[in-house]
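Visitor: Below: one structure in structure tokens.
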Amino acid sequence: MDRSIQTQACAPLVDTLGRQITYLRLSVTDRCDLRCTYCMKARPRFLPKADILTHEELTQLCDAFIRRGVSKIRITGGEPLVRRDIMQLVDNLSCRLGMSSLQEICLTTNATQLPRYADKLVRAGVRRINVSLDTLDERTFARLTRRGDLATTLRGIDAADRAGLKIKINAVALKGDNEHHLPDLIAWAHGRGFDISLIEIMPMGEVDAKRTDQFLSLSTVRERLGEHYTLVETAERTGGPSRYVRLAETGGRVGFITPMSENFCGDCNRVRLTCTGQLYMCLGGAGKVDLRQALREGGREAVDAQLDEAMAFKPEAHAFDLSARPGTAISRSMAHTGG
Ligand code: SAM
Ligand code: SF4
């Protein structure tokens, strides 16, 4: 375990619009044990292993962000828990908690590996996880994930719950697929004491379907939810892009993440580091710097210089185009970039 903490504070990362970057989303692998229809093709071409950062490199890059004031790191992927050395990275970061600007390590996962990892994550100081679950209907779940089975995912969620992790469910809203299952999913989540966020699909990476056939606006979902529940507006935020309502009937929260229909960029504090060390200043933008090359060829000072340069790339707002022709849409997948 890399316990050497090189995180003496330096100048914070502030973009040209004055937004301070305090939240790093880190994709640790593009690989996954599922093949969700909206995320990847049935037969994806994964990146060569040599292109993927080692856990030592990931730790060094995290340190660079921590020195510049990042307080929250979300580990994601691909499926972060299929990476064999994942706990080495989590344990390294765990040593930085409270000893630096780092206040929180969290994780986004499909839950399949949680029976094996939930207790270890808690011991490493992880308190909150996001779990992706789009439907409670077994057949729809199997079709959407292509190789998942609902019981395995639910066992993972149970293990995380038993271990004491606070769970938020993320569900992508898909036209004609899970749209009619969302009220039941919300009721189940609230019954278990979980928040749930609904997500609009984004045109990232290659999939086998047309994005316009998959996309469902959350304004439509929200209208329909109003037929089942009383939606009470709330200004509550959890540090991400979700805008929440509370349901009077369940007392629970539903978040809406609306990258396509409503822009939430004004107070964005996030950047994304891909599993190959490319730093994207915006999920929906092409502006990036290559931190892997900086780290491998120039070391710590070169990484710092690239971080400063990257601040100029953060766009005011993202711009996704659902009808973009293949080859013109954002070609990197969510699994590569980190959702
Ligand atoms: N494998 C983990 C999981 O599924 O939670 C972490 C990575 S996954 C890429 C992170 C999140 O991105 C998931 O909630 C998933 O539903 C979402 N996602 C994947 N592709 C998406 C897309 N094209 N548009 C919107 N959300 C997407
Ligand atoms: Fe895997 Fe997550 Fe993508 Fe589904 S959404 S294929 S679980 S990375």
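Residues in the structure tokens are named by chain (A, B, ... in the order shown) and by number from 1 within that chain; ligands are numbered from 1 in the order shown.
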Using only C-alpha atoms and all ligand atoms, find each protein or nucleic acid residue lying at most 8 Å from ligand 2; present the set as a list in words.

Guide: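 So, counting only C-alpha atoms and all ligand atoms, the residues near ligand 2 are Asp30, Arg31, Cys32, Asp33, Leu34, Arg35, Cys36, Thr37, Tyr38, Cys39, Met40, Gly77, Gly78, Glu79, Thr109, Asn110, Ser132, Thr145, Met334, Ala335 and Gly339 of chain A.
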
Visitor: Step one, run DSSP on the backbone; step two, keep only residues of stretch 62-193 of chain A assigned to strand (DSSP E or B); then write them as a PyMOL selection string.

Guide: chain A and resi 72-76+104-109+128-132+166-174

Visitor: Work out how far apart atom CA of A:Met99 and atom CA of A:Pro12 are and give it in Å to one decimal.

Guide: 16.8 Å

Visitor: Would you pick out the contacts of A:Asn178 at 8 Å or less, using only C-alpha atoms, so that residues sharing its chain but fewer than 6 positions from it are not included, and give the list as a list in words?

Guide: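 In the requested format, the answer is Asp134, Thr135 and Thr140 of chain A.
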
Visitor: If you count only C-alpha atoms, which residues fall within 9 Å of A:Ile201, apart from same-chain ones fewer than 4 positions away, as a list in words?

Guide: Tyr38, Val172, Ala173, Leu174, Arg211, Gln214, Phe215, Leu216, Ser217, Thr258, Pro259 and Met260 of chain A

Visitor: Just the selected residues (N, CA, C and O atoms), exported as a tab-separated table (two decimals), in the first residue's frame, please.

Guide:
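The result, written out as out_32.tsv:
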```tsv
chain	number	residue	atom	x	y	z
A	38	TYR	N	-27.55	0.74	-23.11
A	38	TYR	CA	-27.39	2.19	-23.34
A	38	TYR	C	-25.94	2.63	-23.11
A	38	TYR	O	-25.60	3.78	-23.33
A	172	VAL	N	-31.34	4.89	-15.26
A	172	VAL	CA	-31.46	5.60	-16.54
A	172	VAL	C	-32.88	5.38	-17.06
A	172	VAL	O	-33.38	4.26	-17.03
A	173	ALA	N	-33.51	6.45	-17.49
A	173	ALA	CA	-34.88	6.35	-18.03
A	173	ALA	C	-34.81	6.05	-19.52
A	173	ALA	O	-34.17	6.78	-20.27
A	174	LEU	N	-35.44	4.96	-19.93
A	174	LEU	CA	-35.31	4.49	-21.31
A	174	LEU	C	-36.69	4.33	-21.95
A	174	LEU	O	-37.54	3.61	-21.42
A	211	ARG	N	-29.79	6.28	-30.45
A	211	ARG	CA	-29.99	7.06	-29.23
A	211	ARG	C	-31.38	7.70	-29.18
A	211	ARG	O	-32.00	7.79	-28.13
A	214	GLN	N	-33.82	5.49	-27.72
A	214	GLN	CA	-33.66	5.20	-26.29
A	214	GLN	C	-34.07	6.38	-25.42
A	214	GLN	O	-34.49	6.22	-24.28
A	215	PHE	N	-33.93	7.60	-25.96
A	215	PHE	CA	-34.05	8.78	-25.11
A	215	PHE	C	-35.48	9.03	-24.63
A	215	PHE	O	-36.43	9.00	-25.39
A	216	LEU	N	-35.57	9.31	-23.34
A	216	LEU	CA	-36.85	9.67	-22.73
A	216	LEU	C	-36.59	10.90	-21.86
A	216	LEU	O	-35.74	10.85	-20.96
A	217	SER	N	-37.29	11.98	-22.14
A	217	SER	CA	-37.05	13.20	-21.38
A	217	SER	C	-37.58	13.03	-19.95
A	217	SER	O	-38.68	12.50	-19.74
A	258	THR	N	-30.62	15.79	-15.60
A	258	THR	CA	-31.19	16.13	-16.90
A	258	THR	C	-30.18	16.81	-17.83
A	258	THR	O	-30.36	17.96	-18.21
A	259	PRO	N	-29.12	16.09	-18.19
A	259	PRO	CA	-28.11	16.71	-19.05
A	259	PRO	C	-28.65	17.14	-20.40
A	259	PRO	O	-28.13	18.06	-21.01
A	260	MET	N	-29.70	16.46	-20.88
A	260	MET	CA	-30.18	16.76	-22.23
A	260	MET	C	-31.24	17.85	-22.22
A	260	MET	O	-31.22	18.73	-23.06
```

Visitor: For each of A:His336, A:Lys41, A:Arg246, A:Arg143, take the minimum atom-to-atom distance to A:Ser27, counting only C-alpha atoms, then give the residue where this is smallest.

Guide: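 Using only C-alpha atoms, A:Ser27 sits closest to A:His336.
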
Visitor: Skipping near chain neighbours, those fewer than 3 positions away, what residues fall within 8 Å of stretch 121-129 of chain A using only C-alpha atoms, listed as a list in words?

Guide: Met87, Val90, Asp91, Ser94, Leu97, Glu104, Ile105, Cys106, Leu107, Thr108, Thr109, Tyr117, Ala118, Ala163, Gly164, Leu165, Lys166, Ile167 and Lys168 of chain A

Visitor: Using only C-alpha atoms, find the one residue out of A:Leu89, A:Ala189, A:Ile21, A:Cys10 that sits nearest to A:Met281.

Guide: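 Going through A:Leu89, A:Ala189, A:Ile21, A:Cys10 one by one, the smallest distance to A:Met281 is for A:Ile21.
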